[in-house]
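Next up, input19.csv (CSV, C-alpha atoms):
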```csv
chain,number,residue,atom,x,y,z
A,1,MET,CA,-56.6,181.0,-6.6
A,2,SER,CA,-53.9,183.7,-6.1
A,3,LEU,CA,-53.2,187.3,-5.2
A,4,VAL,CA,-50.8,189.4,-7.2
A,5,LEU,CA,-49.5,192.6,-5.5
A,6,LEU,CA,-48.6,194.9,-8.4
A,7,SER,CA,-46.3,197.8,-7.7
A,8,THR,CA,-45.3,200.5,-10.1
A,9,THR,CA,-43.0,203.6,-9.9
A,10,HIS,CA,-44.1,207.1,-10.6
A,11,ARG,CA,-40.7,207.8,-12.0
A,12,VAL,CA,-41.5,205.8,-15.2
A,13,ALA,CA,-44.2,207.0,-17.5
A,14,PRO,CA,-47.6,205.4,-16.8
A,15,GLY,CA,-48.5,202.6,-19.2
A,16,LEU,CA,-44.9,201.4,-19.5
A,17,LEU,CA,-45.3,198.1,-17.7
A,18,THR,CA,-43.5,194.7,-17.8
A,19,TRP,CA,-45.0,191.9,-19.8
A,20,ARG,CA,-45.6,189.9,-16.6
A,21,ALA,CA,-47.6,192.9,-15.3
A,22,TRP,CA,-49.7,193.1,-18.4
A,23,ARG,CA,-50.4,189.4,-18.4
A,24,ALA,CA,-51.6,189.5,-14.8
A,25,LEU,CA,-53.8,192.6,-15.4
A,26,GLN,CA,-55.4,190.9,-18.4
A,27,ASP,CA,-56.0,187.6,-16.7
A,28,CYS,CA,-57.2,188.6,-13.2
A,29,ARG,CA,-59.7,190.8,-11.4
A,30,VAL,CA,-58.0,194.1,-10.8
A,31,LEU,CA,-58.6,196.1,-7.6
A,32,THR,CA,-57.1,199.3,-6.3
A,33,SER,CA,-57.9,201.9,-3.7
A,34,THR,CA,-56.6,204.8,-5.7
A,35,ALA,CA,-59.3,206.3,-7.8
A,36,ASP,CA,-56.8,208.7,-9.6
A,37,HIS,CA,-54.0,206.1,-10.0
A,38,PRO,CA,-51.8,207.4,-12.9
A,39,GLN,CA,-52.0,203.9,-14.5
A,40,LEU,CA,-55.8,203.8,-14.8
A,41,PRO,CA,-56.2,205.7,-18.1
A,42,TYR,CA,-53.7,203.4,-19.8
A,43,LEU,CA,-55.2,200.3,-18.4
A,44,ARG,CA,-58.7,201.4,-19.6
A,45,GLU,CA,-57.2,202.1,-23.0
A,46,ALA,CA,-55.9,198.5,-23.0
A,47,GLY,CA,-59.4,197.2,-22.1
A,48,VAL,CA,-58.5,196.3,-18.5
A,49,ALA,CA,-61.3,196.9,-16.0
A,50,VAL,CA,-60.2,198.2,-12.6
A,51,GLU,CA,-62.4,198.3,-9.6
A,52,THR,CA,-61.8,201.0,-6.9
A,53,VAL,CA,-62.4,199.6,-3.5
A,54,GLU,CA,-61.5,200.3,0.1
A,55,PRO,CA,-58.0,199.2,1.2
A,56,ASP,CA,-59.3,196.4,3.4
A,57,ALA,CA,-56.8,193.6,3.6
A,58,ARG,CA,-59.3,191.0,4.7
A,59,ALA,CA,-61.7,191.8,1.8
A,60,VAL,CA,-58.8,191.7,-0.7
A,61,VAL,CA,-57.6,188.3,0.5
A,62,GLY,CA,-61.2,187.0,0.6
A,63,ALA,CA,-61.7,188.0,-3.0
A,64,ALA,CA,-58.5,186.3,-4.0
A,65,ARG,CA,-59.8,183.0,-2.5
A,66,SER,CA,-62.6,182.8,-5.1
A,67,ARG,CA,-60.8,184.3,-8.1
A,68,ASP,CA,-57.3,185.4,-9.2
A,69,VAL,CA,-56.9,189.0,-8.1
A,70,VAL,CA,-54.4,191.7,-8.9
A,71,TRP,CA,-54.0,194.5,-6.3
A,72,LEU,CA,-52.8,197.6,-8.1
A,73,ALA,CA,-50.8,199.3,-5.3
A,74,ALA,CA,-50.9,203.1,-4.9
A,75,PRO,CA,-47.8,205.0,-6.0
A,76,ASP,CA,-46.6,205.0,-2.4
A,77,GLY,CA,-46.7,201.2,-2.3
A,78,ASP,CA,-49.6,200.6,0.2
A,79,ALA,CA,-47.0,199.3,2.7
A,80,ASP,CA,-49.5,199.0,5.6
A,81,LEU,CA,-52.0,197.1,3.5
A,82,THR,CA,-49.3,194.8,2.2
A,83,ALA,CA,-48.1,194.0,5.7
A,84,ARG,CA,-51.6,193.2,6.9
A,85,ILE,CA,-52.2,190.9,3.9
A,86,GLY,CA,-48.9,189.2,4.8
A,87,GLU,CA,-50.3,188.5,8.3
A,88,LEU,CA,-53.5,187.1,7.0
A,89,VAL,CA,-52.0,184.7,4.5
A,90,VAL,CA,-49.6,183.4,7.2
A,91,GLU,CA,-52.6,182.5,9.3
A,92,ASP,CA,-54.5,181.0,6.3
A,93,PRO,CA,-52.2,180.3,3.4
A,94,LEU,CA,-52.8,181.8,-0.1
A,95,ASP,CA,-50.5,182.1,-3.1
A,96,VAL,CA,-49.3,185.7,-3.1
A,97,GLU,CA,-46.9,187.1,-5.6
A,98,ILE,CA,-45.3,190.5,-5.7
A,99,VAL,CA,-44.9,191.8,-9.3
A,100,HIS,CA,-43.0,194.9,-10.2
A,101,GLY,CA,-44.8,196.5,-13.1
A,102,SER,CA,-42.0,199.1,-13.6
A,103,TYR,CA,-38.6,199.6,-12.1
A,104,ASP,CA,-36.5,202.7,-11.3
A,105,LEU,CA,-33.5,203.1,-13.5
A,106,PRO,CA,-30.2,204.3,-11.9
A,107,GLY,CA,-30.6,208.0,-11.3
A,108,ALA,CA,-34.4,207.9,-11.1
A,109,ARG,CA,-34.5,209.6,-7.7
A,110,LEU,CA,-33.1,212.7,-9.4
A,111,LEU,CA,-36.7,213.2,-10.7
A,112,ASP,CA,-37.8,213.5,-7.1
A,113,VAL,CA,-35.2,216.2,-6.5
A,114,VAL,CA,-36.7,218.2,-9.3
A,115,ALA,CA,-40.3,217.6,-8.2
A,116,VAL,CA,-39.5,218.6,-4.6
A,117,MET,CA,-37.7,221.7,-5.5
A,118,GLU,CA,-40.5,222.8,-7.9
A,119,ARG,CA,-43.0,222.3,-5.1
A,120,LEU,CA,-40.8,224.2,-2.6
A,121,ARG,CA,-40.5,227.1,-5.0
A,122,ARG,CA,-44.3,227.3,-5.3
A,123,GLU,CA,-45.3,226.7,-1.7
A,124,CYS,CA,-42.4,227.7,0.7
A,125,PRO,CA,-42.2,231.5,1.4
A,126,TRP,CA,-38.5,231.4,1.9
A,127,ASP,CA,-37.8,229.4,-1.3
A,128,ARG,CA,-40.0,231.7,-3.3
A,129,GLU,CA,-37.9,234.7,-2.3
A,130,GLN,CA,-34.5,233.3,-3.4
A,131,THR,CA,-32.6,234.4,-6.5
A,132,HIS,CA,-29.4,233.3,-8.2
A,133,GLN,CA,-27.6,236.0,-6.2
A,134,SER,CA,-29.1,235.2,-2.8
A,135,LEU,CA,-28.2,231.5,-3.3
A,136,ILE,CA,-24.5,232.1,-4.0
A,137,PRO,CA,-23.3,231.9,-0.3
A,138,TYR,CA,-25.1,228.6,0.1
A,139,LEU,CA,-23.6,227.1,-3.0
A,140,VAL,CA,-20.1,228.2,-1.9
A,141,GLU,CA,-20.6,226.9,1.7
A,142,GLU,CA,-21.9,223.5,0.5
A,143,THR,CA,-19.0,223.1,-1.8
A,144,TYR,CA,-16.5,223.7,1.0
A,145,GLU,CA,-18.4,221.4,3.3
A,146,THR,CA,-18.2,218.7,0.6
A,147,ALA,CA,-14.4,219.3,0.4
A,148,ASP,CA,-14.2,218.9,4.2
A,149,ALA,CA,-16.1,215.6,4.0
A,150,VAL,CA,-13.7,214.3,1.4
A,151,GLU,CA,-10.7,215.3,3.5
A,152,SER,CA,-12.2,213.7,6.6
A,153,GLY,CA,-12.9,210.4,4.9
A,154,ASP,CA,-16.4,210.4,6.3
A,155,PHE,CA,-18.4,208.9,3.5
A,156,ALA,CA,-21.7,209.2,5.2
A,157,ALA,CA,-21.1,213.0,5.5
A,158,LEU,CA,-19.9,213.1,1.9
A,159,ARG,CA,-23.1,211.6,0.7
A,160,GLU,CA,-25.1,214.2,2.6
A,161,GLU,CA,-23.0,217.1,1.4
A,162,LEU,CA,-23.2,216.0,-2.2
A,163,GLY,CA,-26.9,215.9,-1.8
A,164,ASP,CA,-26.8,219.5,-0.6
A,165,VAL,CA,-24.7,220.5,-3.6
A,166,LEU,CA,-27.2,218.7,-5.9
A,167,MET,CA,-30.0,220.7,-4.2
A,168,GLN,CA,-28.3,223.9,-5.1
A,169,VAL,CA,-28.0,222.8,-8.8
A,170,ALA,CA,-31.7,221.9,-8.8
A,171,PHE,CA,-32.6,225.2,-7.0
A,172,HIS,CA,-30.8,227.4,-9.5
A,173,SER,CA,-32.4,225.5,-12.4
A,174,VAL,CA,-35.9,226.0,-11.0
A,175,VAL,CA,-35.2,229.7,-10.6
A,176,ALA,CA,-33.8,229.9,-14.1
A,177,ALA,CA,-36.8,228.1,-15.6
A,178,GLU,CA,-39.0,230.9,-14.4
A,179,ARG,CA,-37.3,233.4,-16.7
A,180,GLY,CA,-39.0,232.1,-19.8
A,181,ALA,CA,-37.3,232.6,-23.1
A,182,ASP,CA,-33.8,233.3,-21.8
A,183,GLY,CA,-34.1,230.7,-19.0
A,184,PHE,CA,-33.1,227.1,-18.8
A,185,THR,CA,-34.3,223.9,-17.0
A,186,ILE,CA,-32.4,221.2,-15.2
A,187,ASP,CA,-32.7,219.1,-18.4
A,188,ASP,CA,-30.8,221.8,-20.2
A,189,VAL,CA,-28.1,221.7,-17.5
A,190,ALA,CA,-27.9,217.9,-17.8
A,191,ALA,CA,-27.8,218.0,-21.6
A,192,GLY,CA,-25.0,220.6,-21.6
A,193,ILE,CA,-22.7,218.5,-19.3
A,194,VAL,CA,-23.5,215.3,-21.1
A,195,ASP,CA,-22.6,216.8,-24.5
A,196,LYS,CA,-19.4,218.3,-23.1
A,197,LEU,CA,-18.3,215.1,-21.5
A,198,ILE,CA,-18.9,213.2,-24.7
A,199,ARG,CA,-17.0,215.8,-26.9
A,200,ARG,CA,-14.1,215.9,-24.5
A,201,HIS,CA,-13.7,212.1,-24.2
A,202,PRO,CA,-13.2,211.0,-27.8
A,203,HIS,CA,-11.1,208.1,-26.5
A,204,VAL,CA,-14.2,206.7,-24.9
A,205,PHE,CA,-17.0,207.9,-27.3
A,206,ALA,CA,-15.1,207.9,-30.5
A,207,GLU,CA,-12.1,206.2,-32.1
A,208,VAL,CA,-9.3,208.0,-30.5
A,209,ASP,CA,-6.4,206.2,-28.8
A,210,VAL,CA,-4.6,207.6,-25.8
A,211,SER,CA,-1.5,206.4,-24.0
A,212,GLY,CA,-2.7,207.4,-20.5
A,213,ALA,CA,-4.1,210.1,-18.3
A,214,ALA,CA,-1.6,212.7,-19.3
A,215,GLU,CA,-2.7,212.4,-23.0
A,216,VAL,CA,-6.3,212.6,-21.9
A,217,GLU,CA,-5.5,216.0,-20.3
A,218,VAL,CA,-3.7,217.2,-23.4
A,219,ASN,CA,-6.7,216.2,-25.6
A,220,TRP,CA,-9.1,217.9,-23.1
A,221,ASP,CA,-7.2,221.2,-23.3
A,222,ALA,CA,-7.0,221.0,-27.1
A,223,ILE,CA,-10.7,220.3,-27.5
A,224,LYS,CA,-11.6,223.0,-25.0
A,225,LYS,CA,-9.5,225.5,-26.8
A,226,ALA,CA,-11.2,224.6,-30.1
A,227,GLU,CA,-14.6,225.0,-28.5
A,228,LYS,CA,-13.9,228.3,-26.9
A,229,GLY,CA,-12.1,229.8,-29.9
A,230,ASP,CA,-9.8,232.8,-29.4
A,231,ARG,CA,-10.8,233.6,-25.8
A,232,PRO,CA,-8.4,235.5,-23.7
A,233,LEU,CA,-5.9,233.3,-21.8
A,234,LEU,CA,-7.3,234.2,-18.4
A,235,ALA,CA,-11.0,234.1,-19.4
A,236,GLY,CA,-13.0,231.9,-17.1
A,237,VAL,CA,-10.9,232.4,-14.0
A,238,PRO,CA,-13.5,233.3,-11.4
A,239,SER,CA,-12.8,236.6,-9.6
A,240,SER,CA,-15.3,235.8,-6.8
A,241,GLN,CA,-13.1,233.1,-5.3
A,242,PRO,CA,-10.7,233.9,-2.4
A,243,ALA,CA,-7.8,236.1,-3.6
A,244,LEU,CA,-5.1,233.4,-2.9
A,245,LEU,CA,-7.0,230.8,-5.0
A,246,GLU,CA,-7.6,233.3,-7.7
A,247,ALA,CA,-3.9,234.3,-7.9
A,248,ALA,CA,-2.8,230.7,-7.9
A,249,GLN,CA,-5.2,229.9,-10.7
A,250,LEU,CA,-4.1,232.9,-12.7
A,251,VAL,CA,-0.5,232.0,-12.5
A,252,ARG,CA,-1.2,228.4,-13.3
A,253,ARG,CA,-3.1,229.4,-16.4
A,254,ALA,CA,-0.4,231.9,-17.4
A,255,ARG,CA,2.4,229.3,-17.1
A,256,LYS,CA,0.3,226.8,-19.1
A,257,GLY,CA,-0.2,229.4,-21.8
A,258,GLY,CA,3.5,230.2,-22.1
A,259,VAL,CA,3.4,233.7,-20.5
A,260,PRO,CA,6.9,235.0,-19.6
A,261,GLU,CA,7.8,234.4,-16.0
A,262,GLU,CA,8.9,238.0,-15.5
A,263,LEU,CA,5.2,239.1,-15.8
A,264,PHE,CA,4.5,237.4,-12.5
A,265,ALA,CA,7.9,237.4,-10.9
A,266,ASP,CA,6.5,239.1,-7.8
A,267,TYR,CA,3.9,236.4,-7.3
A,268,ALA,CA,5.7,234.7,-4.4
A,269,ALA,CA,6.5,238.0,-2.7
A,270,ARG,CA,2.8,239.0,-3.0
A,271,THR,CA,1.3,235.8,-1.8
A,272,SER,CA,3.8,234.8,1.0
A,273,PRO,CA,2.4,237.4,3.5
A,274,ALA,CA,-1.2,236.5,2.5
A,275,GLU,CA,-0.4,232.8,3.1
A,276,ALA,CA,1.1,233.6,6.4
A,277,ALA,CA,-1.9,235.7,7.4
A,278,GLU,CA,-4.2,232.8,6.3
A,279,ARG,CA,-2.2,230.3,8.4
A,280,GLU,CA,-2.5,232.6,11.4
A,281,LEU,CA,-6.2,233.1,10.9
A,282,ARG,CA,-6.7,229.3,10.4
A,283,ALA,CA,-4.9,228.6,13.6
A,284,TRP,CA,-7.1,231.2,15.4
A,285,SER,CA,-10.1,229.5,14.0
A,286,SER,CA,-8.9,226.1,15.2
A,287,ARG,CA,-8.4,227.5,18.7
A,288,PHE,CA,-11.8,229.2,18.6
A,289,ARG,CA,-13.5,225.9,17.6
A,290,ALA,CA,-11.9,224.2,20.6
A,291,LYS,CA,-13.1,227.0,22.9
A,292,VAL,CA,-16.7,226.8,21.6
A,293,GLU,CA,-16.7,223.0,21.9
A,294,GLU,CA,-15.5,223.2,25.5
A,295,TRP,CA,-18.2,225.9,26.3
A,296,GLU,CA,-20.9,223.8,24.6
A,297,SER,CA,-20.0,220.7,26.5
A,298,GLN,CA,-20.1,222.6,29.8
A,299,TYR,CA,-23.3,224.6,29.3
A,300,ARG,CA,-25.3,222.4,26.9
A,301,GLY,CA,-24.1,219.0,27.9
```

Please express what this file holds, its structure, as structure tokens.
Amino acid sequence: MSLVLLSTTHRVAPGLLTWRAWRALQDCRVLTSTADHPQLPYLREAGVAVETVEPDARAVVGAARSRDVVWLAAPDGDADLTARIGELVVEDPLDVEIVHGSYDLPGARLLDVVAVMERLRRECPWDREQTHQSLIPYLVEETYETADAVESGDFAALREELGDVLMQVAFHSVVAAERGADGFTIDDVAAGIVDKLIRRHPHVFAEVDVSGAAEVEVNWDAIKKAEKGDRPLLAGVPSSQPALLEAAQLVRRARKGGVPEELFADYAARTSPAEAAERELRAWSSRFRAKVEEWESQYRG
């Protein structure tokens, strides 16, 4: 006799199980403690009888000593029950096998991000009040924090900051989905970037040869220009970014487009004082950080 501990993931559609899982379900007595387990309708449709019982490790092990049993674990895995079963079979051996009925694919946890954000939007007062406009400062702040993490080489911090940026993407998508006809979902966002990446990488997804990274950039710009049509040269340069960054991007775009140098001949003269002022303010910020850290160590240590 034996006991099969069958786990599944809620990130894969119910009923999509491995062949090993279906064989075990059809050949054994099937038990679960989850009366509303998402797999149950599909198991019943396949003619598999499932008994709902209390999550009693001793009773489950006892049942498996008289007949082959499959324990259909709850979506959360039934970790405590599994641990107790492990203790019992160490004391009195029984063949126990863990079978994964379904597996998470790479990126599957992104589904959890979407589910959590949708729940927060429904149930959290603060999250319900947010709009695209109110979320702007957080998106900008998280982006800068991500840049800092990259510069610091702290990969643990980078992972966390990328998660915060991802949350902002999910948040904006949830807000947008509420608009109805003119809204969009996170699937629309993902579809848009996937389509764009495929179009702009014909050397990967089509039969185009390139000599190196430089030619990839040339092709990207050409494809982008064809997609955007006759848009103004400076279209798409965000005016909400800091003035120095905006000016640099405008000039870079102008040079790339062949704009005569005399049209921005005063660029250096205009930006030099601003750059000096920024350096001075950044130095002040550095000194201020040090003072606050010193104060914090003295009064909060």

Practice prompt. Tell me, in Å to one decimal, how far atom CA of A:Val140 is from atom CA of A:Ala277.
Written response: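 For atom CA of A:Val140 relative to atom CA of A:Ala277, the distance reads 21.8 Å.
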
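Using only C-alpha atoms, the smallest distance between any of A:Glu142, A:Asp154, A:Asp27, A:Asp95 and A:Met167 comes from A:Glu142.
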
Padding 5 Å on each side, edges along x, y and z: where is the centre of the box around the listed atoms of stretch 170-178 of chain A, and how long are its edges in Å to one decimal? Output it as JSON.
```
{"center_x": -34.9, "center_y": 226.4, "center_z": -11.3, "size_x": 18.2, "size_y": 19.0, "size_z": 18.6}
```

Practice prompt. Give the answer as one residue: which of A:Lys228, A:Thr9, A:Val292, A:Thr271 has the shortest atom-to-atom distance to A:Asp112, using only C-alpha atoms?
Written response: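 So, comparing all the options, the nearest one is A:Thr9.
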
Discussion item. Give me the residues near A:Val60 as a PyMOL selection string, where near means some atom within 9 Å (using only C-alpha atoms) and where sequence neighbours in that chain fewer than 2 positions away do not count.
Written reply: chain A and resi 3+31+55-58+62-65+69+71+85

Go ahead and save the picked residues with C-alpha atoms, as a compact mmCIF listing (two decimals), in the frame of the given file.
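Listing of again20.txt after writing:
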```
# COMPACT_ATOMS: atom_id res chain seq x y z
CA LEU A 3 -53.20 187.30 -5.20
CA LEU A 31 -58.60 196.10 -7.60
CA PRO A 55 -58.00 199.20 1.20
CA ASP A 56 -59.30 196.40 3.40
CA ALA A 57 -56.80 193.60 3.60
CA ARG A 58 -59.30 191.00 4.70
CA GLY A 62 -61.20 187.00 0.60
CA ALA A 63 -61.70 188.00 -3.00
CA ALA A 64 -58.50 186.30 -4.00
CA ARG A 65 -59.80 183.00 -2.50
CA VAL A 69 -56.90 189.00 -8.10
CA TRP A 71 -54.00 194.50 -6.30
CA ILE A 85 -52.20 190.90 3.90
```

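With distances restricted to all atoms listed in the file, A:Ala170 is the closest residue to A:Val114 from A:Ala35, A:Leu40, A:Ala170, A:Leu94.
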
Discussion item. Restricting the calculation to all atoms listed in the file: of A:Ala21, A:Cys28, A:Gly86, A:Phe171, which residue gets closest to A:Val99?
Written reply: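 Residue with the minimum atom-to-atom distance to A:Val99: A:Ala21.
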
Discussion item. Taking (-35.3, 223.7, -14.6) in the coordinates of the supplied file, I want to know which residues reach to within 6 Å of it, counting all atoms listed in the file; could you give the answer as a ChimeraX atom specification?
Written reply: /A:173-174,177,184-186

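Only residues having an atom at most 12 Å from (-14.5, 232.2, -4.4) are included; using all atoms listed in the file, these are Ile136, Pro137, Leu139, Val140, Glu141, Thr143, Tyr144, Val237, Pro238, Ser239, Ser240, Gln241, Pro242, Ala243, Leu244, Leu245, Glu246, Ala247 and Gln249 of chain A.
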
Discussion item. Between atom CA of A:Ala147 and atom CA of A:Glu129, what is the distance in Å, rounded to a tenth?
Written reply: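 Value for the atom CA of A:Ala147-atom CA of A:Glu129 distance: 28.2 Å.
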
Worksheet entry | Selection near A:Tyr42, 10 Å with only C-alpha atoms, sequence-local residues under 6 positions removed, as a PyMOL selection string | chain A and resi 14-16+48

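If you look at atom CA of A:Ala290 and atom CA of A:Ala157, they are 20.9 Å away from each other.
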
Practice prompt. Name all residues at most 12 Å from A:Tyr138 (count all atoms listed in the file; drop same-chain ones fewer than 3 positions away) and give them as a count of residues only.
Written response: 20

Worksheet entry | Contacts of A:Val251 within 12 Å, only C-alpha atoms, excl. fewer than 6 positions in-chain, as a list in words |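 Counting only C-alpha atoms, the residues come to Leu233, Leu234, Val237, Leu244, Leu245, Gly257, Gly258, Val259, Pro260, Glu261, Glu262, Leu263, Phe264, Ala265, Asp266, Tyr267, Ala268 and Thr271 of chain A.
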